[in-house]
Amino acid sequence: MPDHPRTRARARPGLTREHVLRAAIELADEAGVEALTMRRLGRTLGVEAMSLYHHVDGKSDLLDGMMELLVDGIPRVPEQPAWRTAMREQILAARSVVLAHPWLPGLAIARSAANAAILRYADWIMGLLLAGGLPNQLIHDGMHVLGSRVLGFAQDIFDPNELRGRLAGQLQELRPDLYPRLFEAIKGVHHDDEEEFEFGLDLILDGLERAHIGGGAG
């Protein structure tokens, strides 16, 4: 029976799991997470790919570890009675991490929502809402509405980057006879990722604040 890879190569002295994960994150930032392989990561770190198995159990564990490191690294806003201000600041802190690592949303969607780092982050978010005095039902409903925004991204029906890239030519050729309402609605419209993210976030937080003041979902 063949040995597990971690028994066939020595770990490089001083190399830790965190070193491996941070190097993997840098590679994903440079080339995209799809280009990340154990062999390529090993070359970056100056070790045989098999040596990486002293620190990660394989590609799946590597990806989970990368996500955990980044999610755990999101700055935490202190709990306070002004929950709306705290939530906005917390979510925009997550947004800054997503902007620095644009591949993270895709990884978060692909990996398990029960990832330990995401649960720790969700626990902190709940603390911000509880500190503001929101009732449990409103917190539950609000988290469903906020969805992926709490992690700093939103899942749109269309990917704006895809629309600007692969589908840009098709959009320029929209025929008003086939899509009259769509054609009319996009006249004079500009797209800005950050404006739209904050616009949607403020709408949701405003709605939660009104529901809380009005005693809704209690």
# chains A, B, ... in the order shown; residues from 1 in each chain; ligands from 1
$ select_by_dssp --residues "region 94-212 of chain A" --states "alpha helix (DSSP H)" --output "ChimeraX atom specification"
/A:94-100,104-110,116-131,136-146,160-164,168-172,180-185,193-212
$ closest_atom_pairs --of "region 100-218 of chain A" --to "region 61-79 of chain A" --cutoff "8 Å" --atoms "only C-alpha atoms" --output "tab-separated table"
residue	atom	partner	partner_atom	distance
A:Leu104	CA	A:Met67	CA	7.1
A:Leu107	CA	A:Met67	CA	7.3
A:Ala108	CA	A:Met67	CA	7.1
A:Arg111	CA	A:Asp64	CA	7.2
A:Asn115	CA	A:Glu68	CA	7.6
A:Ala116	CA	A:Glu68	CA	7.4
A:Ala117	CA	A:Glu68	CA	5.0
A:Ile118	CA	A:Val71	CA	6.7
A:Arg120	CA	A:Asp72	CA	7.9
A:Tyr121	CA	A:Asp72	CA	7.2
A:Trp124	CA	A:Arg76	CA	7.7
A:Gly127	CA	A:Glu79	CA	6.7
A:Leu128	CA	A:Glu79	CA	5.0
A:Ala131	CA	A:Glu79	CA	6.0
$ write_last_selection --atoms "N, CA and C atoms" --output "PDB file, in the first residue's frame"
ATOM      1  N   LEU A 104     -12.269  35.720  -4.163  1.00  0.00           N
ATOM      2  CA  LEU A 104     -12.817  35.187  -2.914  1.00  0.00           C
ATOM      3  C   LEU A 104     -14.314  34.880  -2.985  1.00  0.00           C
ATOM      4  N   LEU A 107     -14.915  31.532  -4.504  1.00  0.00           N
ATOM      5  CA  LEU A 107     -14.468  30.463  -3.617  1.00  0.00           C
ATOM      6  C   LEU A 107     -15.461  30.266  -2.480  1.00  0.00           C
ATOM      7  N   ALA A 108     -15.977  31.370  -1.931  1.00  0.00           N
ATOM      8  CA  ALA A 108     -16.941  31.274  -0.832  1.00  0.00           C
ATOM      9  C   ALA A 108     -18.219  30.580  -1.285  1.00  0.00           C
ATOM     10  N   ARG A 111     -17.321  26.743  -1.776  1.00  0.00           N
ATOM     11  CA  ARG A 111     -17.021  25.977  -0.575  1.00  0.00           C
ATOM     12  C   ARG A 111     -18.239  25.929   0.338  1.00  0.00           C
ATOM     13  N   ASN A 115     -18.346  26.522   6.699  1.00  0.00           N
ATOM     14  CA  ASN A 115     -16.930  26.696   6.977  1.00  0.00           C
ATOM     15  C   ASN A 115     -16.771  27.401   8.319  1.00  0.00           C
ATOM     16  N   ALA A 116     -15.822  26.935   9.124  1.00  0.00           N
ATOM     17  CA  ALA A 116     -15.676  27.444  10.490  1.00  0.00           C
ATOM     18  C   ALA A 116     -15.451  28.945  10.530  1.00  0.00           C
ATOM     19  N   ALA A 117     -14.664  29.488   9.592  1.00  0.00           N
ATOM     20  CA  ALA A 117     -14.389  30.925   9.588  1.00  0.00           C
ATOM     21  C   ALA A 117     -15.645  31.725   9.281  1.00  0.00           C
ATOM     22  N   ILE A 118     -16.471  31.222   8.374  1.00  0.00           N
ATOM     23  CA  ILE A 118     -17.715  31.920   8.041  1.00  0.00           C
ATOM     24  C   ILE A 118     -18.671  31.871   9.231  1.00  0.00           C
ATOM     25  N   ARG A 120     -17.740  31.773  12.363  1.00  0.00           N
ATOM     26  CA  ARG A 120     -17.204  32.735  13.334  1.00  0.00           C
ATOM     27  C   ARG A 120     -17.577  34.158  12.943  1.00  0.00           C
ATOM     28  N   TYR A 121     -17.508  34.433  11.652  1.00  0.00           N
ATOM     29  CA  TYR A 121     -17.859  35.772  11.168  1.00  0.00           C
ATOM     30  C   TYR A 121     -19.353  36.036  11.362  1.00  0.00           C
ATOM     31  N   TRP A 124     -20.108  36.945  14.833  1.00  0.00           N
ATOM     32  CA  TRP A 124     -19.793  38.347  15.139  1.00  0.00           C
ATOM     33  C   TRP A 124     -20.889  39.273  14.628  1.00  0.00           C
ATOM     34  N   GLY A 127     -23.735  39.312  16.844  1.00  0.00           N
ATOM     35  CA  GLY A 127     -23.446  40.103  18.025  1.00  0.00           C
ATOM     36  C   GLY A 127     -23.696  41.584  17.800  1.00  0.00           C
ATOM     37  N   LEU A 128     -23.365  42.081  16.607  1.00  0.00           N
ATOM     38  CA  LEU A 128     -23.607  43.489  16.294  1.00  0.00           C
ATOM     39  C   LEU A 128     -25.103  43.800  16.306  1.00  0.00           C
ATOM     40  N   ALA A 131     -26.525  43.510  19.917  1.00  0.00           N
ATOM     41  CA  ALA A 131     -26.118  44.665  20.718  1.00  0.00           C
ATOM     42  C   ALA A 131     -26.989  45.879  20.426  1.00  0.00           C
TER      43      ALA A 131
END
$ atom_distance --atom1 "CA of His54 (chain A)" --atom2 "CA of Ile109 (chain A)"
27.2 Å
$ residues_around --residues "Ile91 (chain A)" --least-positions-apart "3" --cutoff "10 Å" --atoms "only C-alpha atoms" --output "ChimeraX atom specification"
/A:74-77,86-88,94-96,125,146,148-153,198,201
$ write_last_selection --atoms "N, CA and C atoms" --output "JSON list (two decimals), in the first residue's frame"
[["chain", "number", "residue", "atom", "x", "y", "z"],
["A", 74, "ILE", "N", -10.85, 39.65, 8.29],
["A", 74, "ILE", "CA", -11.72, 40.82, 8.13],
["A", 74, "ILE", "C", -11.74, 41.58, 9.47],
["A", 75, "PRO", "N", -11.40, 42.87, 9.47],
["A", 75, "PRO", "CA", -11.43, 43.63, 10.74],
["A", 75, "PRO", "C", -12.82, 43.57, 11.38],
["A", 76, "ARG", "N", -12.85, 43.40, 12.69],
["A", 76, "ARG", "CA", -14.11, 43.31, 13.43],
["A", 76, "ARG", "C", -14.45, 44.66, 14.05],
["A", 77, "VAL", "N", -15.64, 45.13, 13.77],
["A", 77, "VAL", "CA", -16.15, 46.38, 14.34],
["A", 77, "VAL", "C", -16.71, 46.08, 15.72],
["A", 86, "ALA", "N", -22.59, 50.28, 12.88],
["A", 86, "ALA", "CA", -21.65, 49.17, 13.05],
["A", 86, "ALA", "C", -21.76, 48.16, 11.90],
["A", 87, "MET", "N", -22.98, 47.82, 11.52],
["A", 87, "MET", "CA", -23.18, 46.86, 10.43],
["A", 87, "MET", "C", -22.63, 47.39, 9.11],
["A", 88, "ARG", "N", -22.88, 48.66, 8.83],
["A", 88, "ARG", "CA", -22.39, 49.24, 7.58],
["A", 88, "ARG", "C", -20.86, 49.21, 7.55],
["A", 94, "ALA", "N", -15.52, 44.03, 5.14],
["A", 94, "ALA", "CA", -15.49, 42.78, 4.36],
["A", 94, "ALA", "C", -15.34, 43.08, 2.88],
["A", 95, "ARG", "N", -16.00, 44.14, 2.44],
["A", 95, "ARG", "CA", -15.92, 44.53, 1.03],
["A", 95, "ARG", "C", -14.48, 44.85, 0.63],
["A", 96, "SER", "N", -13.74, 45.50, 1.52],
["A", 96, "SER", "CA", -12.35, 45.86, 1.20],
["A", 96, "SER", "C", -11.50, 44.61, 1.00],
["A", 125, "ILE", "N", -21.37, 39.01, 13.40],
["A", 125, "ILE", "CA", -22.45, 39.81, 12.82],
["A", 125, "ILE", "C", -23.68, 39.76, 13.72],
["A", 146, "LEU", "N", -29.85, 40.27, 3.62],
["A", 146, "LEU", "CA", -28.47, 40.71, 3.39],
["A", 146, "LEU", "C", -27.69, 39.67, 2.59],
["A", 148, "SER", "N", -25.20, 37.37, 0.88],
["A", 148, "SER", "CA", -23.76, 37.42, 0.70],
["A", 148, "SER", "C", -23.17, 38.80, 0.96],
["A", 149, "ARG", "N", -24.01, 39.82, 1.08],
["A", 149, "ARG", "CA", -23.48, 41.17, 1.34],
["A", 149, "ARG", "C", -22.70, 41.24, 2.64],
["A", 150, "VAL", "N", -23.06, 40.41, 3.61],
["A", 150, "VAL", "CA", -22.33, 40.45, 4.88],
["A", 150, "VAL", "C", -20.86, 40.07, 4.67],
["A", 151, "LEU", "N", -20.57, 39.32, 3.61],
["A", 151, "LEU", "CA", -19.19, 38.95, 3.29],
["A", 151, "LEU", "C", -18.57, 39.88, 2.26],
["A", 152, "GLY", "N", -19.29, 40.95, 1.92],
["A", 152, "GLY", "CA", -18.70, 41.96, 1.05],
["A", 152, "GLY", "C", -18.95, 41.81, -0.42],
["A", 153, "PHE", "N", -19.91, 40.95, -0.81],
["A", 153, "PHE", "CA", -20.23, 40.84, -2.23],
["A", 153, "PHE", "C", -21.71, 40.52, -2.39],
["A", 198, "GLU", "N", -23.02, 49.81, -2.17],
["A", 198, "GLU", "CA", -23.41, 50.62, -1.02],
["A", 198, "GLU", "C", -24.87, 51.06, -1.11],
["A", 201, "LEU", "N", -26.84, 48.06, 0.02],
["A", 201, "LEU", "CA", -26.61, 47.86, 1.45],
["A", 201, "LEU", "C", -27.42, 48.87, 2.27]]
$ closest_residue --among "A:Asp202, A:Ile139, A:Leu27, A:Leu208" --to "Arg39 (chain A)" --atoms "only C-alpha atoms"
A:Leu27
$ residues_around --residues "Met38 (chain A)" --least-positions-apart "4" --cutoff "8 Å" --atoms "only C-alpha atoms" --output "list in words"
Gly42, Ala49, Leu52, Gly58 and Lys59 of chain A
$ write_last_selection --atoms "N, CA and C atoms" --output "PDB file, in the first residue's frame"
ATOM      1  N   GLY A  42       4.314  24.757  -4.771  1.00  0.00           N
ATOM      2  CA  GLY A  42       5.581  24.226  -4.279  1.00  0.00           C
ATOM      3  C   GLY A  42       6.764  24.951  -4.902  1.00  0.00           C
ATOM      4  N   ALA A  49       6.277  19.633  -4.317  1.00  0.00           N
ATOM      5  CA  ALA A  49       4.839  19.707  -4.040  1.00  0.00           C
ATOM      6  C   ALA A  49       4.443  18.770  -2.904  1.00  0.00           C
ATOM      7  N   LEU A  52       4.259  19.988   0.710  1.00  0.00           N
ATOM      8  CA  LEU A  52       3.124  20.801   1.142  1.00  0.00           C
ATOM      9  C   LEU A  52       2.129  19.982   1.953  1.00  0.00           C
ATOM     10  N   GLY A  58      -4.348  18.569   1.021  1.00  0.00           N
ATOM     11  CA  GLY A  58      -4.639  18.496  -0.395  1.00  0.00           C
ATOM     12  C   GLY A  58      -5.231  19.809  -0.880  1.00  0.00           C
ATOM     13  N   LYS A  59      -5.636  19.830  -2.136  1.00  0.00           N
ATOM     14  CA  LYS A  59      -6.141  21.065  -2.751  1.00  0.00           C
ATOM     15  C   LYS A  59      -7.389  21.571  -2.035  1.00  0.00           C
TER      16      LYS A  59
END
$ closest_residue --among "A:Lys187, A:Ile204, A:His55, A:Ala154" --to "Val98 (chain A)" --atoms "only C-alpha atoms"
A:Ala154
